[in-house]
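*Asks:* Take this structure first; my questions come after.
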Amino acid sequence: MGGPRGGAANRRRPAPLRARFARNRLAMAGVLIVLLFLLFCFVGPLLHSTDQTHTDLTQVNLPPSSAHWLGTDAVGHDQLGRLMYGGQVSLLVGLAAGVLATVIGTLWGAVAGYAGGWVDAVMMRVVDAGIAIPALFILLVVSAITTPGTAGLIVILGLVSWLVPSRLVRAETLTLKNRDYVLTLRATGGTHGRAIRRHILPNSVSTIVVAATFQIADAILLVAYVSYLGLGVQPPKTDWGGMLSAGLTAAYSGRWWLIVPPGLAIILVVCAFNAIGDGLRDAFDVKGRG
């Protein structure tokens, strides 16, 4: 009798996080796509070396061929190499800005939710005011005033994208700060900072990780928007949005290779990160699972 009951109990125990995530085929496909693009953008240039700094007017607007698999652009740059080069900027800015936004939002939301009272009210009114202003509008204004490089874009995107994560973490903090382990720590003389570091943030990790994946996808899109309007990184650097902007008029002349590859790259990477975020959210949510 004891054996079957133990077996049933084991079957009712939730599967490990990694196993639950791995069962989500769409999320795993997203991971594969992201890994392939990371290899393509950062390892690819080592295997397919091209000059993305100097122009070559003898190789302008060539269609795809064995010499240039994705053709060349209006100044003679190899488009395949350009796609790798631009992907480095898009992925680096997206990943770094998404992480920065999540870190800022996590700290802001945790402090607001834990402090409560007027501190929470003031901090969240700042968040509400920020959300009321479109992030793209702020980016356009800042980009028009200054000429941001890669580091500048990361900082700017991080500073305009932390608002949503802060609300998510605050909501999680409000439910955690009254748990027994937090109250016990406070009763034994633990500081507010220790309570946040030891209990609030570790127990909010699911919310933080899921928010980070969506923030990375949003950051990649924002970079593409700004660069498409000509306000992103400046030549000779580029990113996928800048490639779209440069190839838009050429597309009307039938030079599809200047716009289709970067457009597909943006779509695939953004969808991949969103799929990963959905998969992580489902994997962390074990309520009602058997």
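In the structure tokens, chains take letters A, B, ... by order of appearance, with residues numbered from 1 within each chain and ligands from 1 in the order shown.
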Need the shell around Gln88 (chain A): protein/DNA/RNA residues with any atom at most 12 Å away, counting only C-alpha atoms. Skip same-chain ones fewer than 2 positions apart. Format as a list in words?

*Replies:*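 Near neighbours after the sequence-gap exclusion: Phe37, Leu38, Leu39, Phe40, Cys41, Phe42, Val43, Gly44, Pro45, Gly81, Arg82, Leu83, Met84, Tyr85, Gly86, Ser90, Leu91, Leu92, Val93, Gly94, Leu95, Ala96, Thr150, Ile220, Lys237, Thr238, Asp239, Trp240 and Ala265 of chain A.
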
*Asks:* Residues of region 35-143 of chain A that have any atom at most 12 Å from an atom of region 173-184 of chain A: could you tabulate them with the shortest-distance atom pair and the distance in Å to one decimal, using only C-alpha atoms, ordered by chain and increasing number, as a tab-separated table?

*Replies:*
```
residue	atom	partner	partner_atom	distance
A:Thr106	CA	A:Thr173	CA	9.9
A:Leu107	CA	A:Thr173	CA	10.7
A:Trp108	CA	A:Thr173	CA	10.9
A:Gly109	CA	A:Thr173	CA	7.7
A:Ala110	CA	A:Thr173	CA	5.8
A:Val111	CA	A:Thr173	CA	8.5
A:Ala112	CA	A:Thr173	CA	8.6
A:Gly113	CA	A:Leu174	CA	5.3
A:Tyr114	CA	A:Thr173	CA	6.2
A:Ala115	CA	A:Lys177	CA	9.4
A:Gly116	CA	A:Leu174	CA	8.4
A:Gly117	CA	A:Leu174	CA	11.6
A:Asp120	CA	A:Leu174	CA	10.5
```

*Asks:* I want to know what sits within 8 Å of region 137-144 of chain A, based on only C-alpha atoms, with residues of the same chain fewer than 5 positions away left out; could you give that as a list in words?

*Replies:*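 Everything that qualifies: Ile156, Leu157, Val160, Val226, Leu231 and Gly232 of chain A.
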
*Asks:* For C-alpha atoms, I'd like the residues from the last selection saved as a compact mmCIF listing (two decimals), in the first residue's frame.

*Replies:*
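To be explicit, this is the file written out as part-v2.txt:
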```txt
# COMPACT_ATOMS: atom_id res chain seq x y z
CA ILE A 156 18.73 55.92 -22.95
CA LEU A 157 16.69 52.76 -23.64
CA VAL A 160 12.86 54.87 -20.63
CA VAL A 226 14.86 55.01 -33.86
CA LEU A 231 18.44 58.82 -35.31
CA GLY A 232 20.27 55.69 -34.14
```

*Asks:* Can you list every residue in region 12-124 of chain A that DSSP puts in alpha helix (DSSP H), as a PyMOL selection string?

*Replies:* chain A and resi 12+17-22+25-42+44-47+79-115+117-124

*Asks:* May I have the residues from that selection written out with C-alpha atoms, as a tab-separated table (two decimals), in the first residue's frame?

*Replies:*
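The resulting out_8.tsv:
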```
chain	number	residue	atom	x	y	z
A	12	ARG	CA	1.96	14.93	-8.21
A	17	LEU	CA	11.71	24.27	-13.99
A	18	ARG	CA	14.04	23.20	-16.80
A	19	ALA	CA	11.80	20.24	-17.68
A	20	ARG	CA	8.66	22.38	-17.71
A	21	PHE	CA	10.35	24.93	-19.95
A	22	ALA	CA	11.72	22.25	-22.28
A	25	ARG	CA	8.29	23.66	-28.08
A	26	LEU	CA	7.69	27.27	-29.09
A	27	ALA	CA	9.93	28.51	-26.27
A	28	MET	CA	12.65	26.04	-27.20
A	29	ALA	CA	12.41	27.19	-30.80
A	30	GLY	CA	12.86	30.74	-29.52
A	31	VAL	CA	16.02	29.72	-27.63
A	32	LEU	CA	17.37	28.03	-30.76
A	33	ILE	CA	16.68	31.11	-32.91
A	34	VAL	CA	18.40	33.44	-30.43
A	35	LEU	CA	21.44	31.15	-30.19
A	36	LEU	CA	21.67	30.90	-33.98
A	37	PHE	CA	21.53	34.67	-34.37
A	38	LEU	CA	24.18	35.15	-31.67
A	39	LEU	CA	26.46	32.74	-33.54
A	40	PHE	CA	25.61	34.37	-36.86
A	41	CYS	CA	26.35	37.91	-35.66
A	42	PHE	CA	29.36	37.34	-33.41
A	44	GLY	CA	29.94	34.73	-38.48
A	45	PRO	CA	32.26	37.70	-39.16
A	46	LEU	CA	35.22	35.47	-38.26
A	47	LEU	CA	34.25	33.10	-41.06
A	79	GLN	CA	25.02	42.88	-47.33
A	80	LEU	CA	25.60	39.55	-45.55
A	81	GLY	CA	28.50	41.04	-43.61
A	82	ARG	CA	26.39	44.14	-42.99
A	83	LEU	CA	23.64	41.98	-41.55
A	84	MET	CA	26.12	40.39	-39.12
A	85	TYR	CA	27.66	43.73	-38.24
A	86	GLY	CA	24.30	45.40	-37.70
A	87	GLY	CA	23.05	42.43	-35.69
A	88	GLN	CA	25.88	42.88	-33.22
A	89	VAL	CA	24.65	46.39	-32.41
A	90	SER	CA	20.95	45.43	-32.32
A	91	LEU	CA	21.49	42.39	-30.09
A	92	LEU	CA	24.04	44.06	-27.82
A	93	VAL	CA	21.89	47.15	-27.31
A	94	GLY	CA	18.72	45.09	-26.88
A	95	LEU	CA	20.23	42.68	-24.35
A	96	ALA	CA	22.06	45.34	-22.34
A	97	ALA	CA	19.19	47.83	-22.36
A	98	GLY	CA	16.68	45.13	-21.42
A	99	VAL	CA	18.81	44.02	-18.49
A	100	LEU	CA	19.42	47.62	-17.38
A	101	ALA	CA	15.71	48.45	-17.54
A	102	THR	CA	14.87	45.33	-15.56
A	103	VAL	CA	17.45	46.12	-12.87
A	104	ILE	CA	16.23	49.69	-12.46
A	105	GLY	CA	12.57	48.64	-12.49
A	106	THR	CA	13.21	45.81	-10.02
A	107	LEU	CA	14.91	48.05	-7.47
A	108	TRP	CA	12.32	50.81	-7.86
A	109	GLY	CA	9.35	48.45	-7.59
A	110	ALA	CA	10.80	46.50	-4.66
A	111	VAL	CA	11.49	49.66	-2.64
A	112	ALA	CA	8.08	51.17	-3.45
A	113	GLY	CA	6.14	48.01	-2.61
A	114	TYR	CA	8.10	47.28	0.56
A	115	ALA	CA	8.01	50.85	1.91
A	117	GLY	CA	2.47	54.49	2.41
A	118	TRP	CA	3.40	57.88	1.00
A	119	VAL	CA	6.74	56.60	-0.32
A	120	ASP	CA	4.94	54.05	-2.48
A	121	ALA	CA	2.39	56.64	-3.58
A	122	VAL	CA	5.05	59.15	-4.69
A	123	MET	CA	7.23	56.56	-6.41
A	124	MET	CA	4.35	55.04	-8.33
```

*Asks:* Which polymer residues have any atom within 12 Å of an atom of region 65-70 of chain A, counting only C-alpha atoms, with same-chain residues fewer than 3 positions away left out, as a list in words?

*Replies:* His48, Ser49, Thr50, Gln59, Val60, Asn61, Leu62, Asp73, Gly76, His77, Asp78, Gln79, Leu80, Gly81, Arg82, Leu83, Met84, Arg255, Trp256, Trp257, Leu258, Ile259, Val260, Pro261 and Pro262 of chain A

*Asks:* Under the rule that only C-alpha atoms are counted, which of A:Ala217, A:Ala135, A:His199, A:Val126 is the nearest residue to Arg186 (chain A)?

*Replies:*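 Closest residue, counting only C-alpha atoms: A:His199.
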
*Asks:* Quick one: pull the distance between CA of Arg125 (chain A) and CA of Val155 (chain A), Å, one decimal.

*Replies:*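 About the pair CA of Arg125 (chain A) and CA of Val155 (chain A): they are 22.4 Å apart.
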
*Asks:* Could you check how far CA of Thr213 (chain A) sits from CA of His192 (chain A), in Å to one decimal?

*Replies:* 28.4 Å

*Asks:* From the set A:Gly247, A:Leu153, A:Thr147, A:Asn24, which residue has the shortest atom-to-atom contact distance to Ala275 (chain A), counting only C-alpha atoms?

*Replies:*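 Comparing A:Gly247, A:Leu153, A:Thr147, A:Asn24 against Ala275 (chain A), the winner is A:Asn24.
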
*Asks:* Distance CA of Trp162 (chain A)-CA of Asp278 (chain A), one decimal place?

*Replies:*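 So the two atoms, CA of Trp162 (chain A) and CA of Asp278 (chain A), lie 19.3 Å apart.
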